[in-house]
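Asks: Got a file for you: final.txt, compact mmCIF, C-alpha atoms.
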```
# COMPACT_ATOMS: atom_id res chain seq x y z
CA MET A 248 83.13 -256.06 -58.48
CA MET A 249 86.24 -258.23 -58.28
CA GLN A 250 84.89 -260.10 -55.25
CA THR A 251 81.69 -260.91 -57.11
CA GLU A 252 83.62 -262.26 -60.08
CA TYR A 253 85.82 -264.37 -57.81
CA ALA A 254 82.79 -265.70 -55.91
CA GLN A 255 81.20 -266.75 -59.20
CA GLN A 256 84.43 -268.42 -60.35
CA ASP A 257 84.78 -270.16 -57.01
CA SER A 258 81.19 -271.44 -56.89
CA LEU A 259 80.42 -275.14 -56.54
CA ALA A 260 78.89 -275.31 -60.02
CA ASN A 261 81.90 -273.63 -61.64
CA ARG A 262 84.37 -275.88 -59.81
CA LEU A 263 82.39 -278.95 -60.86
CA ASN A 264 82.50 -277.70 -64.45
CA ILE A 265 86.29 -277.54 -64.12
CA VAL A 266 86.41 -281.11 -62.80
CA ASP A 267 84.16 -282.25 -65.65
CA ALA A 268 86.35 -280.52 -68.25
CA LEU A 269 89.55 -281.97 -66.78
CA VAL A 270 88.17 -285.51 -66.80
CA LYS A 271 86.93 -285.03 -70.37
CA GLN A 272 90.43 -283.95 -71.41
CA ALA A 273 91.87 -287.01 -69.67
CA THR A 274 89.54 -289.26 -71.67
CA LYS A 275 90.70 -287.68 -74.92
CA ALA A 276 94.46 -287.57 -74.27
CA GLU A 277 96.44 -290.29 -75.98
CA ILE A 278 99.58 -289.92 -73.88
CA GLU A 279 99.50 -291.45 -70.41
CA SER A 280 101.38 -288.63 -68.71
CA ILE A 281 98.97 -286.03 -70.10
CA SER A 282 95.93 -288.00 -68.97
CA THR A 283 97.55 -288.42 -65.58
CA VAL A 284 98.10 -284.68 -65.19
CA TYR A 285 94.44 -283.95 -65.99
CA LEU A 286 93.32 -286.62 -63.52
CA ILE A 287 95.59 -285.27 -60.78
CA GLN A 288 94.22 -281.76 -61.31
CA ALA A 289 90.63 -283.05 -61.22
CA ASN A 290 91.35 -284.94 -58.01
CA GLN A 291 92.83 -281.80 -56.44
CA GLU A 292 89.72 -279.83 -57.37
CA ILE A 293 87.47 -282.47 -55.79
CA ASN A 294 89.60 -282.52 -52.65
CA LEU A 295 89.42 -278.73 -52.36
CA LEU A 296 85.64 -278.86 -52.75
CA GLU A 297 85.43 -281.50 -50.03
CA LEU A 298 87.42 -279.24 -47.69
CA LYS A 299 85.46 -276.12 -48.58
CA TYR A 300 82.08 -277.76 -48.06
CA SER A 301 83.02 -280.04 -45.16
CA SER A 302 80.34 -278.55 -42.91
CA GLU A 303 77.50 -278.91 -45.43
CA LEU A 304 76.17 -282.46 -45.26
CA THR A 305 74.13 -282.54 -48.48
CA ILE A 306 76.97 -281.13 -50.57
CA GLN A 307 79.41 -283.53 -48.90
CA GLN A 308 77.20 -286.49 -49.78
CA ASN A 309 77.00 -285.32 -53.39
CA LEU A 310 80.75 -284.77 -53.53
CA TYR A 311 81.26 -288.28 -52.20
CA LYS A 312 79.25 -289.62 -55.16
CA VAL A 313 81.37 -287.52 -57.52
CA LYS A 314 84.56 -288.79 -55.88
CA ILE A 315 83.48 -292.44 -56.27
CA ALA A 316 82.55 -291.90 -59.93
CA PHE A 317 85.84 -290.07 -60.46
CA LEU A 318 87.84 -292.92 -58.95
CA GLN A 319 86.06 -295.38 -61.26
CA ILE A 320 86.79 -293.43 -64.42
CA ASN A 321 90.31 -292.66 -63.19
CA HIS A 322 90.96 -296.39 -62.77
CA LEU A 323 89.48 -297.17 -66.18
CA ILE A 324 91.51 -294.50 -68.00
CA LEU A 325 94.81 -295.39 -66.37
CA ASN A 326 94.30 -299.14 -66.82
CA ASN A 327 93.46 -298.68 -70.50
CA LEU A 328 96.60 -296.63 -70.98
CA ALA A 329 98.79 -299.07 -69.10
CA VAL A 330 97.51 -302.21 -70.82
CA SER A 331 97.97 -301.21 -74.43
CA TYR A 332 98.15 -298.43 -76.93
CA PHE A 333 94.65 -299.34 -78.10
CA ARG A 334 92.26 -297.78 -75.63
CA ASP A 335 88.72 -298.99 -75.21
CA TYR A 336 87.15 -295.66 -76.09
CA THR A 337 83.63 -297.09 -76.01
CA GLN A 338 83.85 -298.03 -72.34
CA ILE A 339 85.65 -294.81 -71.44
CA GLU A 340 82.98 -292.77 -73.25
CA LYS A 341 80.18 -294.62 -71.42
CA GLU A 342 81.87 -294.05 -68.07
CA PHE A 343 82.47 -290.39 -68.88
CA GLU A 344 78.80 -289.91 -69.84
CA HIS A 345 77.82 -291.39 -66.47
CA PHE A 346 80.31 -289.08 -64.72
CA HIS A 347 79.09 -286.05 -66.68
CA ARG A 348 75.43 -286.75 -65.82
CA LEU A 349 76.35 -287.06 -62.15
CA ILE A 350 78.19 -283.73 -62.24
CA CYS A 351 75.11 -282.11 -63.80
CA GLU A 352 72.84 -283.60 -61.14
CA VAL A 353 75.07 -282.38 -58.32
CA LYS A 354 75.25 -278.88 -59.83
CA ASP A 355 71.44 -278.76 -60.02
CA ASP A 356 70.95 -279.75 -56.36
```
What does the file become when written as structure tokens?
Replies:
Amino acid sequence: MMQTEYAQQDSLANRLNIVDALVKQATKAEIESISTVYLIQANQEINLLELKYSSELTIQQNLYKVKIAFLQINHLILNNLAVSYFRDYTQIEKEFEHFHRLICEVKDD
């Protein structure tokens, strides 16, 4: 029973949900250090997925797309925080929607 629960928690879809939630929290945080922590955690999750699925080409290709989209939103969030206290929420929201759709596509593959 416990192994089944762990396997479900450790599934690709569940881990991608965690990444999605962490990035969403980073987009909402108003303090740079809090956003940074969420982004670091999301990056660690992606890296662990890349290691876990290193022998599965299709999943690796999808994770590469997720990693590129993550790096783009990561850059946007951190630049907006560094430049001023007034974040461009519109652009961040658009980028997050793109990221979220990509996560959903990868989960469905």
Asks: Find the distance between atom CA of Ala260 of chain A and atom CA of Asn326 of chain A and write it in Å to one decimal.
Replies: 29.2 Å
Asks: Take atom CA of Ser302 of chain A and atom CA of Tyr285 of chain A and report the distance between them in Å, one decimal.
Replies: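 We find that atom CA of Ser302 of chain A and atom CA of Tyr285 of chain A lie 27.6 Å from each other.
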Asks: Determine the nearest neighbour of His322 of chain A from the options A:Gln291, A:Leu310, A:Glu342, A:Leu259, counting all atoms listed in the file.
Replies: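 Closest residue, counting all atoms listed in the file: A:Glu342.
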Asks: Could you list, as a PyMOL selection string, every residue within 12 Å of Gln288 of chain A, counting only C-alpha atoms and ignoring same-chain residues fewer than 5 positions away?
Replies: chain A and resi 262+265-270+272-273+281-283+293-295+317+321
Asks: Mind pulling up the distance from atom CA of Val284 of chain A to atom CA of Ile306 of chain A?
Replies: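 Taking atom CA of Ile306 of chain A and atom CA of Val284 of chain A, their separation equals 25.9 Å.
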Asks: Closest to Thr337 of chain A among A:Gln307, A:Lys314, A:Lys275, A:Ala289, using only C-alpha atoms?
Replies: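 When distances to Thr337 of chain A are compared using only C-alpha atoms, the smallest one comes from A:Lys275.
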Asks: I need the residue nearest Leu296 of chain A from this list: A:Leu349, A:Val313, A:Leu318, A:Ile324. Use all atoms listed in the file for the distance.
Replies: A:Val313
Asks: With a distance cut-off of 10 Å and all atoms listed in the file, select the neighbouring residues of Glu340 of chain A, excluding the residue or stretch itself and same-chain residues fewer than 3 positions from it, and output the selection as a PyMOL selection string.
Replies: chain A and resi 271+274-275+320+335-337+343-346
Asks: Return the single residue from A:Asp355, A:Glu277, A:Ile350, A:Ser258 that is closest to Tyr311 of chain A, with distances computed using only C-alpha atoms.
Replies: A:Ile350
Asks: For a quick check of understanding, using only C-alpha atoms, which of A:Asn264, A:Ser301, A:Asn290, A:Asn327 has the smallest distance to Ile315 of chain A?
Replies: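 Residue with the minimum atom-to-atom distance to Ile315 of chain A: A:Asn290.
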